[in-house]
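Visitor: Next up is a structure, given as structure tokens.
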Amino acid sequence: MSASDACQCNRSRRKFITTAAAFSLMSSAGWAAQMNARGDAALTKAQRDGMTPEQILDELKKGNERFRSGKPTPHDYRDQKRTSAAGQYPAVAFLGCIDSRAPAEIIFDTGIGDGFNARVAGNVGNDDISGSLEFACAVAGAKVIVLFGHTACGAIKGAIDDVEMGNLTGLLARIKPAITATKFTGDKSSKNAAYVDAVARQNVLVGLNVLRQRSSILADLEKKKSLLLTGAMYDLTTGGVEFVG
């Protein structure tokens, strides 16, 4: 196989297209032929709908492992842009922090058209976030919500320190329940990295419950098992993601 053939083959193996999804659509041989013809195109409705929430979550875990190990999928963003322009069929919706070091598309090795991405400092929920996720899942068909925090989070530190500054004051107040709920032995200050990360982890768990409480639509989809709602923590140092909740 030539170098150019190998490159094309790698591009054709879309990270979100699992073997299980392939068998739900066609034989493995037919699937390979179609993928070679499509290149690195965005997800189609049939491909997304052919996967279960559990299969999608498994692909996200594999994507993070590729990122963490320095072996991400080669992306043809122009092809993904072109093939998603007329319609989008994302499989996942992310709710993460605004932190510049935690871009969901990169750390989960996904492409254009694979996932919705909501970002706000401290990955906290509100009515606007809930409404956005309702659209993503109930209208657009995403099957997984990943609410993820990260280590060394500045918003968590700000909430611990009772920072007050304009509209940020109200946002940080949404993190306070996680501080109260965090069980920790030791120095409970923003200077203690272990404590900050413990609060961030608890904030993810609190956030999941807030989403369920604020949105009967999302809660109902989860009860019907057509939506998987999970939490995660991203380690800025290792690049690894630990799923929680």
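A note on labels: chains of the structure tokens are A, B, ... as shown, every chain counts residues from 1, and ligands are counted from 1 in their shown order.
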Can you tell me, as JSON, numbers by chain, which residues in region 23-174 of chain A count as strand (DSSP E or B) by DSSP?

Guide: {"A": [92, 93, 94, 95, 96, 115, 116, 117, 118, 119, 144, 145, 146, 147, 148, 149, 150]}

Visitor: Give me, as a PyMOL selection string, all polymer residues having an atom no more than 8 Å from region 129-143 of chain A, counting only C-alpha atoms and skipping those fewer than 2 positions away in the same chain.

Guide: chain A and resi 52-53+56+88-93+115-116+118+125-127+145+211+214-215+217-218+221+226-228

Visitor: Could you tell me how far CA of Glu54 (chain A) lies from CA of Arg201 (chain A), in Å and to one decimal?

Guide: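 Result for CA of Glu54 (chain A) versus CA of Arg201 (chain A): 22.0 Å, one decimal.
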
Visitor: Quick one: pull the distance between CA of Gly170 (chain A) and CA of Ser100 (chain A), Å, one decimal.

Guide: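 So the two atoms, CA of Gly170 (chain A) and CA of Ser100 (chain A), lie 21.5 Å apart.
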
Visitor: Given the choices A:Ala155, A:Ala85, A:Ile107, A:Ile98, which gets closest to Ser69 (chain A) if the distance is worked out from only C-alpha atoms?

Guide: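 The closest residue to Ser69 (chain A) is A:Ile107.
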
Visitor: Write out as a PDB file with C-alpha atoms, in the first residue's frame the residues lying within 12 Å of Leu172 (chain A), counting only C-alpha atoms and excluding same-chain residues fewer than 5 positions away.

Guide:
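Listed below is the output, selection_21.pdb:
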```
ATOM      1  CA  VAL A 120     -19.804  28.365  30.050  1.00  0.00           C
ATOM      2  CA  ALA A 121     -17.400  29.084  32.909  1.00  0.00           C
ATOM      3  CA  GLY A 122     -17.637  26.294  35.472  1.00  0.00           C
ATOM      4  CA  ASN A 123     -19.825  24.210  33.119  1.00  0.00           C
ATOM      5  CA  VAL A 124     -22.896  25.318  35.082  1.00  0.00           C
ATOM      6  CA  GLY A 125     -26.459  24.919  33.887  1.00  0.00           C
ATOM      7  CA  CYS A 153     -10.667  25.168  37.043  1.00  0.00           C
ATOM      8  CA  GLY A 154     -10.525  28.934  37.562  1.00  0.00           C
ATOM      9  CA  ALA A 155     -14.290  29.221  38.030  1.00  0.00           C
ATOM     10  CA  ILE A 156     -14.164  26.661  40.827  1.00  0.00           C
ATOM     11  CA  LYS A 157     -11.333  28.596  42.485  1.00  0.00           C
ATOM     12  CA  GLY A 158     -13.335  31.811  42.151  1.00  0.00           C
ATOM     13  CA  ALA A 159     -16.380  30.240  43.802  1.00  0.00           C
ATOM     14  CA  ILE A 160     -14.252  28.896  46.651  1.00  0.00           C
ATOM     15  CA  ASP A 161     -12.766  32.374  47.171  1.00  0.00           C
ATOM     16  CA  ASP A 162     -16.189  34.101  47.035  1.00  0.00           C
ATOM     17  CA  VAL A 163     -15.098  36.289  44.137  1.00  0.00           C
ATOM     18  CA  GLU A 164     -17.572  39.065  43.273  1.00  0.00           C
ATOM     19  CA  MET A 165     -17.359  40.820  39.920  1.00  0.00           C
ATOM     20  CA  GLY A 166     -20.294  41.949  37.815  1.00  0.00           C
ATOM     21  CA  ASN A 167     -22.297  39.139  36.232  1.00  0.00           C
ATOM     22  CA  PRO A 177     -23.912  23.938  46.130  1.00  0.00           C
ATOM     23  CA  ALA A 178     -21.019  21.782  44.898  1.00  0.00           C
ATOM     24  CA  ILE A 179     -18.701  23.349  47.473  1.00  0.00           C
ATOM     25  CA  ASN A 203     -19.851  20.269  40.511  1.00  0.00           C
TER      26      ASN A 203
END
```

Visitor: Which residues are close to Lys188 (chain A), i.e. within 12 Å by only C-alpha atoms, leaving aside same-chain residues fewer than 4 positions away? Reply as a PyMOL selection string.

Guide: chain A and resi 157+160-161+179-180+182-184+192-199

Visitor: Quick one: distance from CA of Gln80 (chain A) to CA of Arg101 (chain A) in Å, one decimal?

Guide: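 Calculated distance between CA of Gln80 (chain A) and CA of Arg101 (chain A) is 23.5 Å.
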
Visitor: Per residue of region 77-131 of chain A within 10 Å of region 231-236 of chain A, what are the shortest atom pair and its distance in Å to one decimal, counting only C-alpha atoms, with rows by chain and residue number, as a Markdown table?

Guide:
```
| residue | atom | partner | partner_atom | distance |
| --- | --- | --- | --- | --- |
| A:Phe94 | CA | A:Gly231 | CA | 9.9 |
| A:Leu95 | CA | A:Gly231 | CA | 9.4 |
| A:Gly96 | CA | A:Ala232 | CA | 9.5 |
| A:Arg101 | CA | A:Leu236 | CA | 7.2 |
| A:Ala102 | CA | A:Leu236 | CA | 7.6 |
| A:Ala104 | CA | A:Tyr234 | CA | 9.7 |
| A:Ile107 | CA | A:Tyr234 | CA | 8.6 |
```

Visitor: Store the residues picked out above, limited to C-alpha atoms, as a PDB file, in the first residue's frame.

Guide:
```
ATOM      1  CA  PHE A  94     -21.190  18.559  25.196  1.00  0.00           C
ATOM      2  CA  LEU A  95     -21.526  20.960  28.128  1.00  0.00           C
ATOM      3  CA  GLY A  96     -18.068  22.067  29.177  1.00  0.00           C
ATOM      4  CA  ARG A 101      -7.494  24.315  27.422  1.00  0.00           C
ATOM      5  CA  ALA A 102     -10.585  22.101  27.304  1.00  0.00           C
ATOM      6  CA  ALA A 104     -14.443  19.154  23.541  1.00  0.00           C
ATOM      7  CA  ILE A 107     -10.035  16.140  23.472  1.00  0.00           C
TER       8      ILE A 107
END
```

Visitor: May I ask which of the residues A:Leu205, A:Ala42, A:Val144, A:Ile106 is the closest one to Asn64 (chain A), counting only C-alpha atoms?

Guide: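 Going through A:Leu205, A:Ala42, A:Val144, A:Ile106 one by one, the smallest distance to Asn64 (chain A) is for A:Ile106.
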